[in-house]
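Asker: Dropping a structure here in structure tokens format, bear with me for questions.
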Amino acid sequence: MTAQSADPTAAPSPADGGFEITARHGDRARAGTLTTPHGEIATPAFIPVGTKATVKAVLPESMSDLGAQALLANAYHLYLQPGHDLIDEAGGLGAFMNWPGPTYTDSGGFQVMSLGAGFKKVLSSEFSGGEKARTATGEDDAVAEGKDRLAHVDDDGVTFRSFINGDVHRFTPEISMQIQHGLGADIMFAFDELTTLMNSRGYQEQALERTRLWAIRCLAEHARLTEERTHRPYQQLWGVIQGAQYEDLRRQAARDLGTMDVEGWSFDGFGIGGALEKENLGTIVGWVTEELPEEKPRHLLGISEVDDLFVAIAAGADTFDCVSPSRVARNSAVYTRTGRVNLTGAKYRRQFAPIDEGCDCYTCTHYTAAYVHHLFRAKEMLSSTLCTIHNERFVVRLVDQIRESLLTGDFDALREETTGAYYGSPGERPLSLGAAARDRRRAGGEHRRRAGGEHAGAGPARPGHHHRARCGRGDAGPRRDLRAARGTLPARCAAPGHRPARRCGPRHGTARPPRLPAAPAPTHRDRPRHRRSARTRTHPPRPARHPHRAARGAGYDDHRRARRRRYRALTARTRSPGAGAPGGRWCGAAR
């Protein structure tokens with residue numbers, strides 16, 4: 001497909017791009033080819049995020065070398081700096097950043113949440129779906145204490161206050177379309193309102209209806225701009241499905257946008273957005289893909305974890321984006337086949353081997369983990385570059401392998417092998433303390449700490465047995481497995497199936513001995529009397545020397561002679577030339 005239509009005076013049309021399914025696996029997983037004016041994208045595909053027209057710390061040429069098929073930028077950030085009109089004048093986003101491949105742009109809908117209800121709050125706790133998120137009422141207008149909202153939503157659009165200089169900007173569906181058309185991305189998204197799991201059910205319904213009405217306005221403005229900008233190739237517009245964790249809202253949004261038609265114009269694909277509980281990711285994506293048109297591509301916004309990729313692809317998603325690989329890389333966290341590790345750890349100081357032996361990225365084929373460890377310790381900028389290249393290549397290569405497995409029918413085997421090695425399966429490698437505690441909570445066996453009471457899985461404690469805090473659960477406890485693997489397992493308790501912690505009371509059936517009163521603190525007169533100079537003396541001066549040495553104790557002379565011998569032995573090794581002669585000097589090491 002050429003970058004321009006055959007007739008340069010004809011308006012671009014949706015015929016300039018398309019999506020073809022080439023393989024299927026199971027009920028929903030599929031591989032395909034997405035055609036854009038700047039090249040084809042083989043799906044499933046991971047789209048690295050270059051928010052401000054750059055993947056931080058990495059050259060666009062390096063992103064091409066590591067296998068990235070397309071890049072995603074953010075319309076809101078590029079609107080603030082340097083401006084979509086300047087990028088349009090430069091020939092579009094790809095020409096501006098020297099990226100020859102396809103490009104995506106987000107609409108600014110994420111900033112509706114991140115600068116509004118989510119401003120300066122820990123988003124991971126909101127996305128975890130806590131108990132508060134499931135209540136009937138949530139914090140629809142709340143923001144972190146001491147912070148002001150930088151985004152205010154109404155039915156017509158969103159008013160933003162710039163985080164750069166405080167200027168006020170107005171985004172409407174029409175303005176978002178104008179900005180993205182100016183940026184010239186091959187695939188752009190309709191303006192939407194992203195909500196969090198903390199919002200109430202009532203507000204989720206209002207936001208969903210607002211997003212639907214905005215989608216209609218986006219389609220109308222997209223049609224107008226496409227017919228007006230005949231000098232640019234066709235840009236695909238994808239709708240965004242919201243609805244949080246509610247099945248009825250998700251299905252309703254997918255049906256509304258999947259069948260939406262404005263004067264013959266419909267969405268070319270769909271993005272699945274919003275706050276998703278990790279454990280319900282596959283279920284929610286499945287709800288949406290069941291309702292969307294089969295022949296159109298689907299993009300899942302904001303995932304890159306190994307298990308999430310397999311779950312999303314199995315549920316029917318085609319492309320993905322996430323800022324996490326580059327963000328964690330700048331903080332020394334890297335992905336390996338056996339899990340994520342932090343390169344600032346002491347064990348990497350002398351690891352004169354690649355970060356991951358099986359990785360083919362530029363970093364692993366040219367540098368050692370010890371060198372990258374040194375760069376982080378020395379706070380060198382090259383550390384971010386090398387780790388970002390590695391992380392992006394890791395995720396891109398993994399999705400490429402998944403796509404190949406869909407073509408060969410080995411998807412399930414690859415999923416089991418990859419997730420087993422990355423997260424660890426029983427008997428392969430010990431769990432971390434955090435993972436052990438998490439698995440214990442999920443199993444519903446949270447340990448109850450009661451002195452002299454009942455212990456989970458161990459029955460009642462026997463009389464006279466005094467357990468202290470942090471007592472183990474027994475043979476099946478993950479902490480016991482971890483300590484057994486490390487060789488630090490303490491002696492077993494006498495109770496069947498029960499293991500105490502590091503400090504446990506006397507054996508079962510024996511009473512604890514009474515505690516004796518603490519001895520009084522020693523005074524300076526109770527301490528050994530050693531000679532000290534006046535400069536270093538920390539206790540009151542001793543009384544005058546007794547004329548008879550015998551009064552000081554039988555061993556006093558031996559003590560003095562031993563000190564004298566040690567002093568002579570020390571100073572004999574550090575004398576400078578002529579030190580033994582009259583007027584000789586001691587070197588500095590003897591002082």
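In the structure tokens, the first chain shown is A, the next is B, and so on; residue numbers restart at 1 for each chain, and ligands run from 1 in the order shown.
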Wanna dump the region 333-404 of chain A-region 61-83 of chain A contacts at 7 Å for me, each residue with its shortest atom pair and the distance in Å to one decimal, counting only C-alpha atoms, ordered by chain and number, as a tab-separated table?

Answerer:
```
residue	atom	partner	partner_atom	distance
A:Cys361	CA	A:Leu66	CA	6.7
A:Arg393	CA	A:Leu66	CA	5.5
A:Val396	CA	A:Ala68	CA	6.5
```

Asker: Determine, counting only C-alpha atoms, which protein, DNA and RNA residues have an atom within 9 Å of an atom of Val288 (chain A); residues of the same chain fewer than 2 positions away are not included. Present the result as a PyMOL selection string.

Answerer: chain A and resi 241+247+250-255+272+283-286+290-292

Asker: Any chance you could export the current selection's N, CA, C and O atoms as a PDB file, in the first residue's frame?

Answerer:
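The file below, out04.pdb, is the result:
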```
ATOM      1  N   ILE A 241     -13.098   1.494  24.154  1.00  0.00           N
ATOM      2  CA  ILE A 241     -14.128   0.840  24.964  1.00  0.00           C
ATOM      3  C   ILE A 241     -13.813   1.063  26.437  1.00  0.00           C
ATOM      4  O   ILE A 241     -12.734   0.706  26.917  1.00  0.00           O
ATOM      5  N   GLU A 247     -19.546  -5.899  33.650  1.00  0.00           N
ATOM      6  CA  GLU A 247     -19.770  -6.631  32.404  1.00  0.00           C
ATOM      7  C   GLU A 247     -20.819  -5.949  31.533  1.00  0.00           C
ATOM      8  O   GLU A 247     -20.631  -5.813  30.317  1.00  0.00           O
ATOM      9  N   ARG A 250     -19.299  -2.821  29.884  1.00  0.00           N
ATOM     10  CA  ARG A 250     -18.315  -3.174  28.859  1.00  0.00           C
ATOM     11  C   ARG A 250     -19.003  -3.673  27.587  1.00  0.00           C
ATOM     12  O   ARG A 250     -18.658  -3.266  26.469  1.00  0.00           O
ATOM     13  N   ARG A 251     -19.944  -4.550  27.742  1.00  0.00           N
ATOM     14  CA  ARG A 251     -20.634  -5.085  26.563  1.00  0.00           C
ATOM     15  C   ARG A 251     -21.442  -3.992  25.857  1.00  0.00           C
ATOM     16  O   ARG A 251     -21.494  -3.934  24.626  1.00  0.00           O
ATOM     17  N   GLN A 252     -22.063  -3.136  26.642  1.00  0.00           N
ATOM     18  CA  GLN A 252     -22.834  -2.043  26.038  1.00  0.00           C
ATOM     19  C   GLN A 252     -21.929  -1.117  25.241  1.00  0.00           C
ATOM     20  O   GLN A 252     -22.261  -0.726  24.116  1.00  0.00           O
ATOM     21  N   ALA A 253     -20.775  -0.764  25.813  1.00  0.00           N
ATOM     22  CA  ALA A 253     -19.848   0.119  25.105  1.00  0.00           C
ATOM     23  C   ALA A 253     -19.338  -0.535  23.828  1.00  0.00           C
ATOM     24  O   ALA A 253     -19.207   0.125  22.783  1.00  0.00           O
ATOM     25  N   ALA A 254     -19.017  -1.831  23.871  1.00  0.00           N
ATOM     26  CA  ALA A 254     -18.529  -2.529  22.683  1.00  0.00           C
ATOM     27  C   ALA A 254     -19.602  -2.571  21.593  1.00  0.00           C
ATOM     28  O   ALA A 254     -19.307  -2.382  20.400  1.00  0.00           O
ATOM     29  N   ARG A 255     -20.853  -2.799  21.976  1.00  0.00           N
ATOM     30  CA  ARG A 255     -21.929  -2.818  20.972  1.00  0.00           C
ATOM     31  C   ARG A 255     -22.151  -1.423  20.388  1.00  0.00           C
ATOM     32  O   ARG A 255     -22.351  -1.266  19.163  1.00  0.00           O
ATOM     33  N   ILE A 272      -9.150  -1.052  23.818  1.00  0.00           N
ATOM     34  CA  ILE A 272      -9.767  -1.492  25.069  1.00  0.00           C
ATOM     35  C   ILE A 272      -9.023  -0.785  26.190  1.00  0.00           C
ATOM     36  O   ILE A 272      -7.848  -1.060  26.441  1.00  0.00           O
ATOM     37  N   THR A 283     -11.041 -11.978  31.456  1.00  0.00           N
ATOM     38  CA  THR A 283     -12.513 -11.988  31.441  1.00  0.00           C
ATOM     39  C   THR A 283     -13.065 -10.728  30.804  1.00  0.00           C
ATOM     40  O   THR A 283     -13.973 -10.782  29.957  1.00  0.00           O
ATOM     41  N   ILE A 284     -12.513  -9.563  31.189  1.00  0.00           N
ATOM     42  CA  ILE A 284     -13.015  -8.293  30.663  1.00  0.00           C
ATOM     43  C   ILE A 284     -12.724  -8.165  29.172  1.00  0.00           C
ATOM     44  O   ILE A 284     -13.588  -7.747  28.388  1.00  0.00           O
ATOM     45  N   VAL A 285     -11.508  -8.535  28.752  1.00  0.00           N
ATOM     46  CA  VAL A 285     -11.189  -8.478  27.320  1.00  0.00           C
ATOM     47  C   VAL A 285     -12.087  -9.440  26.549  1.00  0.00           C
ATOM     48  O   VAL A 285     -12.538  -9.137  25.441  1.00  0.00           O
ATOM     49  N   GLY A 286     -12.388 -10.589  27.149  1.00  0.00           N
ATOM     50  CA  GLY A 286     -13.289 -11.538  26.497  1.00  0.00           C
ATOM     51  C   GLY A 286     -14.686 -10.978  26.300  1.00  0.00           C
ATOM     52  O   GLY A 286     -15.312 -11.197  25.252  1.00  0.00           O
ATOM     53  N   GLU A 290     -16.138 -10.419  22.356  1.00  0.00           N
ATOM     54  CA  GLU A 290     -17.351 -11.126  21.927  1.00  0.00           C
ATOM     55  C   GLU A 290     -18.337 -10.203  21.238  1.00  0.00           C
ATOM     56  O   GLU A 290     -19.128 -10.643  20.389  1.00  0.00           O
ATOM     57  N   GLU A 291     -18.305  -8.913  21.582  1.00  0.00           N
ATOM     58  CA  GLU A 291     -19.269  -7.967  21.032  1.00  0.00           C
ATOM     59  C   GLU A 291     -18.731  -7.187  19.830  1.00  0.00           C
ATOM     60  O   GLU A 291     -19.510  -6.665  19.044  1.00  0.00           O
ATOM     61  N   LEU A 292     -17.404  -7.081  19.691  1.00  0.00           N
ATOM     62  CA  LEU A 292     -16.816  -6.271  18.618  1.00  0.00           C
ATOM     63  C   LEU A 292     -16.834  -7.020  17.293  1.00  0.00           C
ATOM     64  O   LEU A 292     -16.840  -8.256  17.267  1.00  0.00           O
TER      65      LEU A 292
END
```

Asker: Using backbone DSSP assignments, extract all strand (DSSP E or B) residues from region 222-339 of chain A; output them as a list in words.

Answerer: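 DSSP on the backbone gives strand (DSSP E or B) at Gln236, Leu237, Trp238, Gly239, Val240, Ile241, Val262, Trp265, Gly269, Phe270, Gly271, Ile272, Arg298, His299, Leu300, Leu301, Thr319, Phe320, Asp321, Cys322, Ala333, Val334, Tyr335, Thr336 and Gly339 of chain A.
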
Asker: Just the number, please: distance in Å from CA of Gly157 (chain A) to CA of Val49 (chain A), one decimal.

Answerer: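 The value is 25.3 Å.
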
Asker: Given the choices A:Ile41, A:Met113, A:Ala57, A:Ala370, which gets closest to Thr388 (chain A) if the distance is worked out from only C-alpha atoms?

Answerer: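 Looking at the shortest contact to Thr388 (chain A), the residue is A:Ala57.
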
Asker: In Å, how far is it from CA of Val311 (chain A) to CA of Glu205 (chain A)?

Answerer: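 Atom-to-atom, CA of Val311 (chain A) and CA of Glu205 (chain A) are spaced 26.8 Å apart.
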
Asker: Grab the CA of Glu20 (chain A) to CA of Leu406 (chain A) distance for me, in Å with one decimal place.

Answerer: 14.7 Å

Asker: Under the rule that only C-alpha atoms are counted, which of A:Ala215, A:Met198, A:Leu93, A:Ala45 is the nearest residue to Gly109 (chain A)?

Answerer: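 Comparing A:Ala215, A:Met198, A:Leu93, A:Ala45 against Gly109 (chain A), the winner is A:Ala215.
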
Asker: Rank nothing, just name the residue among A:Thr230, A:Thr363, A:Ser200, A:Thr259 nearest to Arg212 (chain A), using only C-alpha atoms.

Answerer: A:Thr259

Asker: Can you pull out every residue within 6 Å of Gly339 (chain A), counting only C-alpha atoms, but drop anything in the same chain fewer than 2 positions away, and send it as a count of residues only?

Answerer: 4
